[in-house]
Each structure stands twice: as structure tokens, then as C-alpha cells.
$ cat structure22.txt   # compact mmCIF, C-alpha atoms
# COMPACT_ATOMS: atom_id res chain seq x y z
CA MET A 1 104.14 92.78 146.86
CA ILE A 2 103.81 96.45 145.90
CA GLU A 3 107.32 96.36 144.47
CA GLU A 4 106.39 93.34 142.38
CA ILE A 5 103.32 95.10 141.03
CA LYS A 6 105.39 98.20 140.25
CA GLU A 7 107.98 96.05 138.47
CA TYR A 8 105.28 94.27 136.47
CA THR A 9 103.67 97.57 135.48
CA VAL A 10 106.97 99.05 134.31
CA SER A 11 107.82 95.88 132.40
CA ARG A 12 104.38 95.77 130.77
CA SER A 13 104.61 99.42 129.76
CA LYS A 14 107.95 98.79 128.08
CA ILE A 15 106.55 95.86 126.12
CA LEU A 16 103.47 97.87 125.18
CA GLU A 17 105.65 100.71 123.92
CA GLY A 18 107.81 98.26 121.99
CA VAL A 19 104.72 96.81 120.30
CA LYS A 20 103.63 100.29 119.25
CA LYS A 21 107.13 101.04 117.92
CA GLU A 22 106.99 97.89 115.79
CA ILE A 23 103.60 98.91 114.40
CA ILE A 24 104.84 102.40 113.58
CA GLU A 25 108.24 101.46 112.19
CA ARG A 26 107.50 98.20 110.41
CA LEU A 27 104.14 99.10 108.98
CA ASN A 28 104.80 102.78 108.29
CA VAL A 29 101.85 103.88 110.39
CA ASP A 30 101.77 107.66 110.47
CA LEU A 31 101.06 108.00 114.20
CA THR A 32 103.07 108.54 117.36
CA ILE A 33 103.22 106.09 120.26
CA ASP A 34 100.87 108.30 122.27
CA GLU A 35 98.35 108.44 119.45
CA ILE A 36 97.88 104.67 119.35
CA ASP A 37 95.27 103.63 121.88
CA ASP A 38 96.10 100.44 123.77
CA GLU A 39 92.71 98.98 122.95
CA VAL A 40 92.23 100.16 119.39
CA SER A 41 91.55 97.42 116.86
CA LEU A 42 94.62 96.92 114.67
CA PHE A 43 92.80 95.75 111.59
CA GLY A 44 89.80 97.11 109.74
CA THR A 45 88.31 100.30 111.11
CA GLY A 46 90.87 100.73 113.91
CA LEU A 47 94.42 101.35 112.74
CA GLY A 48 93.43 100.24 109.27
CA LEU A 49 96.00 97.48 108.96
CA ASP A 50 95.19 94.57 106.69
CA SER A 51 95.98 90.88 106.62
CA VAL A 52 99.22 91.33 104.66
CA ASP A 53 100.57 93.50 107.48
CA ALA A 54 100.23 90.55 109.85
CA LEU A 55 103.36 88.88 108.47
CA ASP A 56 105.55 91.95 108.98
CA LEU A 57 104.13 92.56 112.42
CA THR A 58 104.69 88.93 113.38
CA LEU A 59 108.32 89.12 112.27
CA GLY A 60 108.81 92.37 114.16
CA ILE A 61 107.28 91.05 117.38
CA GLU A 62 109.18 87.76 117.20
CA ASN A 63 112.52 89.48 116.57
CA ARG A 64 112.08 92.22 119.16
CA PHE A 65 110.69 90.10 121.99
CA ALA A 66 112.12 86.64 121.19
CA VAL A 67 108.73 84.95 121.30
CA LYS A 68 106.98 82.73 118.80
CA ILE A 69 103.61 83.93 117.51
CA ASP A 70 100.99 81.22 117.24
CA GLU A 71 99.52 81.66 113.75
CA THR A 72 96.36 79.77 114.65
CA ASP A 73 95.47 82.19 117.46
CA THR A 74 93.55 84.98 115.75
CA SER A 75 92.97 86.91 118.99
CA ILE A 76 96.63 87.95 119.37
CA PHE A 77 96.35 90.84 116.93
CA LYS A 78 93.09 92.14 118.32
CA SER A 79 94.78 95.16 119.94
CA VAL A 80 98.10 96.40 121.31
CA ASN A 81 96.97 95.20 124.74
CA ALA A 82 96.23 91.74 123.36
CA ILE A 83 99.68 91.48 121.74
CA THR A 84 101.32 92.70 124.96
CA ASP A 85 99.46 90.14 127.07
CA TYR A 86 100.45 87.39 124.65
CA ILE A 87 104.14 88.40 124.84
CA ILE A 88 104.04 88.45 128.66
CA LYS A 89 102.37 85.02 128.71
CA GLU A 90 104.90 83.55 126.29
CA LYS A 91 107.88 85.04 128.15
CA ALA A 92 106.59 83.56 131.41
CA LYS A 93 106.83 80.09 129.85
CA VAL A 94 110.59 80.41 129.34
CA MET B 1 116.34 67.31 102.31
CA LYS B 2 115.94 66.05 98.76
CA LYS B 3 116.75 68.63 96.07
CA VAL B 4 114.85 68.88 92.80
CA SER B 5 115.32 70.73 89.52
CA PHE B 6 112.87 72.05 86.96
CA SER B 7 113.60 72.42 83.25
CA ALA B 8 112.16 75.24 81.16
CA LYS B 9 109.37 72.91 79.99
CA GLU B 10 108.49 71.96 83.56
CA ILE B 11 108.56 75.61 84.61
CA ILE B 12 106.03 76.49 81.91
CA SER B 13 103.68 73.78 83.19
CA LYS B 14 104.10 74.74 86.85
CA LEU B 15 103.74 78.51 86.64
CA PRO B 16 100.43 80.15 85.81
CA HIS B 17 102.44 82.71 83.80
CA LYS B 18 102.96 82.23 80.11
CA TYR B 19 105.10 83.80 77.36
CA PRO B 20 106.26 86.54 77.36
CA PHE B 21 106.09 86.74 81.13
CA ILE B 22 108.17 83.79 82.28
CA MET B 23 111.29 85.31 83.75
CA ILE B 24 113.18 82.15 84.72
CA ASP B 25 114.72 79.49 82.46
CA GLN B 26 115.79 76.84 84.95
CA ALA B 27 115.34 76.10 88.63
CA TYR B 28 117.63 73.83 90.63
CA ASP B 29 118.79 72.93 94.14
CA ILE B 30 115.17 73.28 95.21
CA GLU B 31 114.29 72.18 98.72
CA ALA B 32 110.52 72.07 98.68
CA GLY B 33 108.97 75.08 100.38
CA VAL B 34 112.31 76.25 101.79
CA LYS B 35 114.83 77.45 99.23
CA GLY B 36 116.14 77.14 95.73
CA LYS B 37 118.10 78.65 92.86
CA GLY B 38 117.27 79.68 89.34
CA ILE B 39 118.80 80.95 86.12
CA LYS B 40 117.66 83.50 83.59
CA SER B 41 119.79 84.00 80.48
CA VAL B 42 119.28 87.40 78.95
CA SER B 43 119.17 87.14 75.16
CA LEU B 44 118.76 89.58 72.29
CA GLY B 45 115.21 88.34 71.74
CA GLU B 46 113.85 89.65 75.05
CA TRP B 47 110.67 91.61 74.30
CA TYR B 48 111.45 94.44 76.70
CA PHE B 49 114.66 95.42 74.94
CA GLN B 50 112.55 97.01 72.19
CA GLY B 51 111.92 99.90 74.53
CA HIS B 52 114.23 99.43 77.54
CA PHE B 53 116.30 100.86 75.96
CA PRO B 54 116.67 100.81 72.16
CA THR B 55 120.26 102.06 72.31
CA GLU B 56 121.19 100.52 75.66
CA PRO B 57 119.52 97.19 76.48
CA ILE B 58 119.07 96.90 80.27
CA VAL B 59 116.90 94.33 82.03
CA PRO B 60 114.18 96.22 83.94
CA GLY B 61 114.68 95.80 87.68
CA VAL B 62 111.01 94.95 88.17
CA LEU B 63 111.43 91.96 85.86
CA ILE B 64 114.36 90.70 87.92
CA VAL B 65 112.00 90.92 90.91
CA GLU B 66 109.36 89.04 88.89
CA GLY B 67 111.90 86.28 88.16
CA LEU B 68 112.66 85.99 91.87
CA ALA B 69 108.94 85.87 92.69
CA GLN B 70 108.45 83.14 90.09
CA LEU B 71 111.28 81.18 91.70
CA THR B 72 109.49 81.34 95.07
CA ALA B 73 106.39 79.90 93.36
CA LEU B 74 108.47 77.04 91.95
CA ILE B 75 109.99 76.33 95.38
CA ASP B 76 106.46 76.10 96.78
CA SER B 77 105.23 74.00 93.88
CA ALA B 78 107.87 71.40 94.75
CA CYS B 79 105.89 70.69 97.94
CA SER B 80 103.30 68.87 95.84
CA LEU B 81 106.07 66.52 94.67
CA GLU B 82 107.08 65.85 98.27
CA ASN B 83 103.49 65.17 99.25
CA GLY B 84 103.09 62.77 96.36
CA LYS B 85 100.32 64.88 94.82
CA GLU B 86 100.05 65.81 91.16
CA ASP B 87 103.33 67.27 89.99
CA ASN B 88 101.93 69.95 87.69
CA LYS B 89 99.94 71.87 90.26
CA GLN B 90 100.18 75.61 89.65
CA VAL B 91 100.84 77.86 92.60
CA MET B 92 99.26 81.32 92.41
CA GLY B 93 100.98 83.94 94.53
CA TYR B 94 100.61 87.68 94.78
CA LEU B 95 103.41 90.01 95.78
CA THR B 96 102.36 91.97 98.84
CA LYS B 97 105.65 93.70 99.61
CA VAL B 98 108.90 94.26 97.75
CA ASP B 99 111.99 95.48 99.56
CA ILE B 100 114.82 95.19 97.08
CA LYS B 101 118.06 97.05 96.66
CA PHE B 102 119.33 97.19 93.09
CA ILE B 103 123.10 97.23 93.02
CA LYS B 104 124.07 96.87 89.40
CA THR B 105 122.34 96.89 86.01
CA VAL B 106 121.93 93.64 84.04
CA VAL B 107 122.59 93.88 80.33
CA LEU B 108 122.15 91.84 77.19
CA GLY B 109 124.15 88.60 77.20
CA GLU B 110 124.43 88.23 80.96
CA GLN B 111 123.08 85.36 83.01
CA ILE B 112 121.12 86.09 86.18
CA LEU B 113 121.62 83.63 89.03
CA MET B 114 118.66 83.84 91.39
CA SER B 115 118.41 82.56 94.92
CA CYS B 116 115.44 82.50 97.33
CA GLU B 117 115.14 81.27 100.89
CA LEU B 118 112.09 81.29 103.14
CA ILE B 119 112.42 83.56 106.17
CA LYS B 120 108.98 83.21 107.68
CA SER B 121 105.62 81.74 106.91
CA PHE B 122 102.51 83.11 108.56
CA ARG B 123 99.12 81.77 107.53
CA ASN B 124 99.00 82.21 103.73
CA LEU B 125 101.81 84.79 103.75
CA LYS B 126 105.48 84.13 103.22
CA GLN B 127 108.55 86.32 103.44
CA TRP B 128 111.55 85.33 101.33
CA ARG B 129 115.18 86.46 101.39
CA VAL B 130 116.13 86.85 97.75
CA SER B 131 119.16 87.71 95.69
CA ALA B 132 120.12 87.97 92.04
CA LYS B 133 123.71 87.80 90.90
CA VAL B 134 125.64 88.07 87.69
CA GLY B 135 128.72 85.96 88.19
CA ARG B 136 129.73 86.51 91.78
CA ARG B 137 128.39 90.01 91.93
CA ASP B 138 125.06 90.88 93.52
CA VAL B 139 122.73 92.82 91.25
CA ALA B 140 119.64 92.80 93.48
CA VAL B 141 119.13 91.75 97.11
CA GLY B 142 116.30 92.05 99.58
CA THR B 143 113.05 90.48 100.65
CA LEU B 144 109.75 89.65 99.02
CA ASN B 145 106.43 89.03 100.75
CA VAL B 146 104.06 86.77 98.86
CA ALA B 147 100.46 85.87 99.59
CA GLN B 148 99.15 82.58 98.29
CA VAL B 149 95.52 82.17 97.40
$ encode --input "structure22.txt" --output "C-alpha cells"
Amino acid sequence: MIEEIKEYTVSRSKILEGVKKEIIERLNVDLTIDEIDDEVSLFGTGLGLDSVDALDLTLGIENRFAVKIDETDTSIFKSVNAITDYIIKEKAKV
Amino acid sequence: MKKVSFSAKEIISKLPHKYPFIMIDQAYDIEAGVKGKGIKSVSLGEWYFQGHFPTEPIVPGVLIVEGLAQLTALIDSACSLENGKEDNKQVMGYLTKVDIKFIKTVVLGEQILMSCELIKSFRNLKQWRVSAKVGRRDVAVGTLNVAQV
């Protein structure tokens, strides 16, 4: 059980880091991985992304993690944590 | 999928742009909302040659991009034909991102063959893979992001 939790934690951390890399690289965000808080709001006052960034981020996430982003679910891009949870949920379906 | 073509006259009615800012003469092989091709023949009468450049007429790269963007609007406008709605509906799109590599200049007398294909649609945003060729040679390739309102 402990091993499973450890494995899950490592796997989640890798996904979380990958999400941050996509944000930094695709959207030219001038921050490091460590500077992006897991819970910070991506749009508006948080990271300051706007709606046109959503397309690039969607493409990046879909290509990197081989998941399909549901465009009707507006909660996915709430934060890095929210994207990470969505990816984990989608991967579990496969 | 059924393919459609648009003549210059149809293009003028479908695009919100008007002279001198229509950068495509014909559109063909259009699969509604998915992909299509277009032609722009570069003649001596082009308004931009007055200044770009008086002694060496070169088509501005940004206007090649504009032609490609107009082609994406025409590909989308074909959806109204498929849906059986009015066929002269104008599609208004705004470029939100341009990632184009310019490979070769286009000069007076050449014909630009444009090609656009949808990569991804997300809400009101679309990303297109685009290319412009003269003959068989690429002159501009890349992607365009367009927001429709």
C-alpha cells in the first residue's frame, strides 16, 4: 500500500512538472517550474494567461500526455493541480 | 467529404474584407471547416508595390499570411453551405498567433498557391497548419491561430 502511494506521488509529481513545462515553453511564461504555484489561477490575476492561450495549452497537454481535453469543462484550467488531476483521471480510463 | 470552390465574386461576398485588402483570388478543394486551397496571382497593379519596393516589387510576407488567414475564413464559411444555411454568411476571425517561417520571397508575376488544414479546434479558437507555395517550392509554412467572434 505504501509503495502504491509512493508510486502515485512520484507519477503525479512528474505530470505536474510536465504541465508546468508546457505552460512555460508553449506560452512563453517567464517563470521557472519552482516559481509556479500548484494552486495559482492560470488565467486573470494568477499567471495572467488569457483565453487565446487555452488553445496552445490544450494542444501541448494533449500532445505531451496523450489525453483529450474536454472543451466544455471549464474547471480543467483552473490551476496546475486541476490540470494534473484531469490528466490522471483521463489516463485511468485507458 | 464534398469539396467546394469559391470564385473571386463569391469570395468578395463571403469575406468581411473589401478592396484593397482581399488577398485571395480563388478558393478550391474546400472541405467545410477542415481544409482547402487557394490562389493569389500577383499582378503589377497590386497597391503595395508602390512602396514595397519601388525598384524591387516583393509581396510583403504579412500579406501572404493575411491571404492564408482569409483562406481559413473561407473554409469555415463553407460550413454554412453544409448546414443548408444562407450561403453568403460572413465569418469574422481574428488572428491570435502567427508562427510562420518565410522561406523565399514572392515577386511580381508569380502565383501563390495557399493551403490550410485544421489542426485543432478549442471553443472559439482554431489552429491551422498553413503553407504558401510558388510552383512546387514552399515560400511560407507554419501555423495560424484564429479566434472567431
$ atom_distance --input "structure22.txt" --atom1 "CA of Glu7 (chain A)" --atom2 "CA of Tyr86 (chain A)"
18.0 Å
$ interface_residues --input "structure22.txt" --of "chain A" --to "chain B" --cutoff "10 Å" --atoms "all atoms listed in the file" --output "PyMOL selection string"
chain A and resi 51-56+58-59+69-72
$ residues_around --input "structure22.txt" --residues "region 74-76 of chain B" --least-positions-apart "4" --cutoff "8 Å" --atoms "all atoms listed in the file" --output "PDB file with C-alpha atoms, keeping the file's coordinate frame"
ATOM      1  CA  ILE B  11     108.560  75.610  84.610  1.00  0.00           C
ATOM      2  CA  LYS B  14     104.100  74.740  86.850  1.00  0.00           C
ATOM      3  CA  LEU B  15     103.740  78.510  86.640  1.00  0.00           C
ATOM      4  CA  ALA B  27     115.340  76.100  88.630  1.00  0.00           C
ATOM      5  CA  ILE B  30     115.170  73.280  95.210  1.00  0.00           C
ATOM      6  CA  GLU B  31     114.290  72.180  98.720  1.00  0.00           C
ATOM      7  CA  ALA B  32     110.520  72.070  98.680  1.00  0.00           C
ATOM      8  CA  GLY B  33     108.970  75.080 100.380  1.00  0.00           C
ATOM      9  CA  VAL B  34     112.310  76.250 101.790  1.00  0.00           C
ATOM     10  CA  LYS B  35     114.830  77.450  99.230  1.00  0.00           C
ATOM     11  CA  GLY B  36     116.140  77.140  95.730  1.00  0.00           C
ATOM     12  CA  GLN B  70     108.450  83.140  90.090  1.00  0.00           C
ATOM     13  CA  SER B  80     103.300  68.870  95.840  1.00  0.00           C
ATOM     14  CA  VAL B  91     100.840  77.860  92.600  1.00  0.00           C
TER      15      VAL B  91
END
$ atom_distance --input "structure22.txt" --atom1 "CA of Gln50 (chain B)" --atom2 "CA of Lys18 (chain B)"
19.3 Å
$ atom_distance --input "structure22.txt" --atom1 "CA of Thr32 (chain A)" --atom2 "CA of Glu17 (chain A)"
10.5 Å
$ decode --input "structure22.txt" --residues "region 77-92 of chain A" --atoms "all heavy atoms" --output "PDB file, in the first residue's frame"
ATOM      1  N   PHE A  77      -8.778  24.119 -16.484  1.00  0.00           N
ATOM      2  CA  PHE A  77      -7.682  25.085 -16.490  1.00  0.00           C
ATOM      3  C   PHE A  77      -7.676  26.004 -15.268  1.00  0.00           C
ATOM      4  O   PHE A  77      -7.071  27.076 -15.291  1.00  0.00           O
ATOM      5  CB  PHE A  77      -7.712  25.914 -17.772  1.00  0.00           C
ATOM      6  CG  PHE A  77      -7.379  25.125 -19.002  1.00  0.00           C
ATOM      7  CD1 PHE A  77      -8.229  25.123 -20.090  1.00  0.00           C
ATOM      8  CD2 PHE A  77      -6.222  24.371 -19.070  1.00  0.00           C
ATOM      9  CE1 PHE A  77      -7.927  24.376 -21.227  1.00  0.00           C
ATOM     10  CE2 PHE A  77      -5.912  23.627 -20.190  1.00  0.00           C
ATOM     11  CZ  PHE A  77      -6.770  23.629 -21.275  1.00  0.00           C
ATOM     12  N   LYS A  78      -8.325  25.570 -14.224  1.00  0.00           N
ATOM     13  CA  LYS A  78      -8.391  26.398 -13.022  1.00  0.00           C
ATOM     14  C   LYS A  78      -6.992  26.601 -12.418  1.00  0.00           C
ATOM     15  O   LYS A  78      -6.635  27.688 -11.990  1.00  0.00           O
ATOM     16  CB  LYS A  78      -9.313  25.709 -12.005  1.00  0.00           C
ATOM     17  CG  LYS A  78      -9.710  26.582 -10.853  1.00  0.00           C
ATOM     18  CD  LYS A  78     -10.650  25.804  -9.929  1.00  0.00           C
ATOM     19  CE  LYS A  78     -10.542  26.372  -8.528  1.00  0.00           C
ATOM     20  NZ  LYS A  78     -10.772  25.395  -7.489  1.00  0.00           N
ATOM     21  N   SER A  79      -6.217  25.527 -12.369  1.00  0.00           N
ATOM     22  CA  SER A  79      -4.867  25.597 -11.796  1.00  0.00           C
ATOM     23  C   SER A  79      -4.038  24.425 -12.334  1.00  0.00           C
ATOM     24  O   SER A  79      -4.577  23.534 -12.996  1.00  0.00           O
ATOM     25  CB  SER A  79      -4.937  25.496 -10.263  1.00  0.00           C
ATOM     26  OG  SER A  79      -5.429  24.220  -9.906  1.00  0.00           O
ATOM     27  N   VAL A  80      -2.746  24.439 -12.023  1.00  0.00           N
ATOM     28  CA  VAL A  80      -1.885  23.321 -12.431  1.00  0.00           C
ATOM     29  C   VAL A  80      -2.386  22.030 -11.782  1.00  0.00           C
ATOM     30  O   VAL A  80      -2.419  20.972 -12.409  1.00  0.00           O
ATOM     31  CB  VAL A  80      -0.415  23.588 -12.028  1.00  0.00           C
ATOM     32  CG1 VAL A  80       0.465  22.389 -12.364  1.00  0.00           C
ATOM     33  CG2 VAL A  80       0.111  24.829 -12.723  1.00  0.00           C
ATOM     34  N   ASN A  81      -2.780  22.114 -10.536  1.00  0.00           N
ATOM     35  CA  ASN A  81      -3.322  20.940  -9.840  1.00  0.00           C
ATOM     36  C   ASN A  81      -4.560  20.396 -10.553  1.00  0.00           C
ATOM     37  O   ASN A  81      -4.719  19.184 -10.699  1.00  0.00           O
ATOM     38  CB  ASN A  81      -3.698  21.309  -8.401  1.00  0.00           C
ATOM     39  CG  ASN A  81      -2.570  20.980  -7.428  1.00  0.00           C
ATOM     40  OD1 ASN A  81      -1.728  20.127  -7.706  1.00  0.00           O
ATOM     41  ND2 ASN A  81      -2.557  21.655  -6.289  1.00  0.00           N
ATOM     42  N   ALA A  82      -5.424  21.305 -10.986  1.00  0.00           N
ATOM     43  CA  ALA A  82      -6.663  20.875 -11.654  1.00  0.00           C
ATOM     44  C   ALA A  82      -6.351  20.171 -12.968  1.00  0.00           C
ATOM     45  O   ALA A  82      -6.942  19.130 -13.284  1.00  0.00           O
ATOM     46  CB  ALA A  82      -7.566  22.085 -11.896  1.00  0.00           C
ATOM     47  N   ILE A  83      -5.393  20.708 -13.734  1.00  0.00           N
ATOM     48  CA  ILE A  83      -4.996  20.060 -14.997  1.00  0.00           C
ATOM     49  C   ILE A  83      -4.403  18.684 -14.701  1.00  0.00           C
ATOM     50  O   ILE A  83      -4.713  17.692 -15.355  1.00  0.00           O
ATOM     51  CB  ILE A  83      -3.967  20.914 -15.781  1.00  0.00           C
ATOM     52  CG1 ILE A  83      -4.568  22.266 -16.151  1.00  0.00           C
ATOM     53  CG2 ILE A  83      -3.503  20.186 -17.029  1.00  0.00           C
ATOM     54  CD1 ILE A  83      -3.563  23.230 -16.792  1.00  0.00           C
ATOM     55  N   THR A  84      -3.548  18.634 -13.699  1.00  0.00           N
ATOM     56  CA  THR A  84      -2.882  17.367 -13.330  1.00  0.00           C
ATOM     57  C   THR A  84      -3.919  16.304 -12.947  1.00  0.00           C
ATOM     58  O   THR A  84      -3.833  15.153 -13.405  1.00  0.00           O
ATOM     59  CB  THR A  84      -1.908  17.611 -12.159  1.00  0.00           C
ATOM     60  OG1 THR A  84      -0.991  18.630 -12.545  1.00  0.00           O
ATOM     61  CG2 THR A  84      -1.140  16.350 -11.798  1.00  0.00           C
ATOM     62  N   ASP A  85      -4.879  16.702 -12.122  1.00  0.00           N
ATOM     63  CA  ASP A  85      -5.929  15.754 -11.713  1.00  0.00           C
ATOM     64  C   ASP A  85      -6.729  15.261 -12.914  1.00  0.00           C
ATOM     65  O   ASP A  85      -7.094  14.084 -13.001  1.00  0.00           O
ATOM     66  CB  ASP A  85      -6.867  16.409 -10.688  1.00  0.00           C
ATOM     67  CG  ASP A  85      -6.173  16.617  -9.348  1.00  0.00           C
ATOM     68  OD1 ASP A  85      -5.161  15.920  -9.093  1.00  0.00           O
ATOM     69  OD2 ASP A  85      -6.622  17.476  -8.565  1.00  0.00           O
ATOM     70  N   TYR A  86      -6.991  16.173 -13.843  1.00  0.00           N
ATOM     71  CA  TYR A  86      -7.750  15.801 -15.036  1.00  0.00           C
ATOM     72  C   TYR A  86      -6.960  14.769 -15.855  1.00  0.00           C
ATOM     73  O   TYR A  86      -7.516  13.767 -16.317  1.00  0.00           O
ATOM     74  CB  TYR A  86      -8.058  17.041 -15.886  1.00  0.00           C
ATOM     75  CG  TYR A  86      -8.816  16.717 -17.151  1.00  0.00           C
ATOM     76  CD1 TYR A  86     -10.202  16.566 -17.127  1.00  0.00           C
ATOM     77  CD2 TYR A  86      -8.154  16.529 -18.365  1.00  0.00           C
ATOM     78  CE1 TYR A  86     -10.905  16.241 -18.284  1.00  0.00           C
ATOM     79  CE2 TYR A  86      -8.849  16.217 -19.518  1.00  0.00           C
ATOM     80  CZ  TYR A  86     -10.217  16.082 -19.476  1.00  0.00           C
ATOM     81  OH  TYR A  86     -10.910  15.757 -20.627  1.00  0.00           O
ATOM     82  N   ILE A  87      -5.651  15.018 -16.026  1.00  0.00           N
ATOM     83  CA  ILE A  87      -4.813  14.090 -16.806  1.00  0.00           C
ATOM     84  C   ILE A  87      -4.811  12.709 -16.145  1.00  0.00           C
ATOM     85  O   ILE A  87      -4.962  11.681 -16.823  1.00  0.00           O
ATOM     86  CB  ILE A  87      -3.367  14.639 -16.935  1.00  0.00           C
ATOM     87  CG1 ILE A  87      -3.368  15.907 -17.783  1.00  0.00           C
ATOM     88  CG2 ILE A  87      -2.430  13.597 -17.535  1.00  0.00           C
ATOM     89  CD1 ILE A  87      -2.077  16.722 -17.689  1.00  0.00           C
ATOM     90  N   ILE A  88      -4.638  12.686 -14.833  1.00  0.00           N
ATOM     91  CA  ILE A  88      -4.614  11.398 -14.101  1.00  0.00           C
ATOM     92  C   ILE A  88      -5.951  10.659 -14.287  1.00  0.00           C
ATOM     93  O   ILE A  88      -5.975   9.460 -14.552  1.00  0.00           O
ATOM     94  CB  ILE A  88      -4.307  11.636 -12.606  1.00  0.00           C
ATOM     95  CG1 ILE A  88      -2.859  12.114 -12.452  1.00  0.00           C
ATOM     96  CG2 ILE A  88      -4.545  10.371 -11.779  1.00  0.00           C
ATOM     97  CD1 ILE A  88      -2.513  12.666 -11.079  1.00  0.00           C
ATOM     98  N   LYS A  89      -7.039  11.407 -14.181  1.00  0.00           N
ATOM     99  CA  LYS A  89      -8.381  10.811 -14.342  1.00  0.00           C
ATOM    100  C   LYS A  89      -8.556  10.252 -15.754  1.00  0.00           C
ATOM    101  O   LYS A  89      -9.053   9.137 -15.938  1.00  0.00           O
ATOM    102  CB  LYS A  89      -9.438  11.897 -14.073  1.00  0.00           C
ATOM    103  CG  LYS A  89     -10.843  11.373 -13.928  1.00  0.00           C
ATOM    104  CD  LYS A  89     -11.827  12.487 -13.627  1.00  0.00           C
ATOM    105  CE  LYS A  89     -12.183  13.212 -14.901  1.00  0.00           C
ATOM    106  NZ  LYS A  89     -13.084  14.347 -14.766  1.00  0.00           N
ATOM    107  N   GLU A  90      -8.114  11.013 -16.749  1.00  0.00           N
ATOM    108  CA  GLU A  90      -8.271  10.567 -18.135  1.00  0.00           C
ATOM    109  C   GLU A  90      -7.395   9.358 -18.430  1.00  0.00           C
ATOM    110  O   GLU A  90      -7.801   8.440 -19.138  1.00  0.00           O
ATOM    111  CB  GLU A  90      -7.919  11.701 -19.107  1.00  0.00           C
ATOM    112  CG  GLU A  90      -8.952  12.781 -19.186  1.00  0.00           C
ATOM    113  CD  GLU A  90     -10.312  12.268 -19.635  1.00  0.00           C
ATOM    114  OE1 GLU A  90     -10.402  11.741 -20.758  1.00  0.00           O
ATOM    115  OE2 GLU A  90     -11.279  12.374 -18.849  1.00  0.00           O
ATOM    116  N   LYS A  91      -6.169   9.354 -17.884  1.00  0.00           N
ATOM    117  CA  LYS A  91      -5.259   8.237 -18.126  1.00  0.00           C
ATOM    118  C   LYS A  91      -5.779   6.962 -17.470  1.00  0.00           C
ATOM    119  O   LYS A  91      -5.564   5.862 -17.974  1.00  0.00           O
ATOM    120  CB  LYS A  91      -3.850   8.563 -17.622  1.00  0.00           C
ATOM    121  CG  LYS A  91      -3.103   9.504 -18.551  1.00  0.00           C
ATOM    122  CD  LYS A  91      -1.618   9.448 -18.293  1.00  0.00           C
ATOM    123  CE  LYS A  91      -0.819  10.032 -19.431  1.00  0.00           C
ATOM    124  NZ  LYS A  91      -0.815   9.214 -20.633  1.00  0.00           N
ATOM    125  N   ALA A  92      -6.479   7.116 -16.363  1.00  0.00           N
ATOM    126  CA  ALA A  92      -7.026   5.947 -15.655  1.00  0.00           C
ATOM    127  C   ALA A  92      -8.129   5.275 -16.466  1.00  0.00           C
ATOM    128  O   ALA A  92      -8.397   4.081 -16.297  1.00  0.00           O
ATOM    129  CB  ALA A  92      -7.569   6.385 -14.297  1.00  0.00           C
TER     130      ALA A  92
END
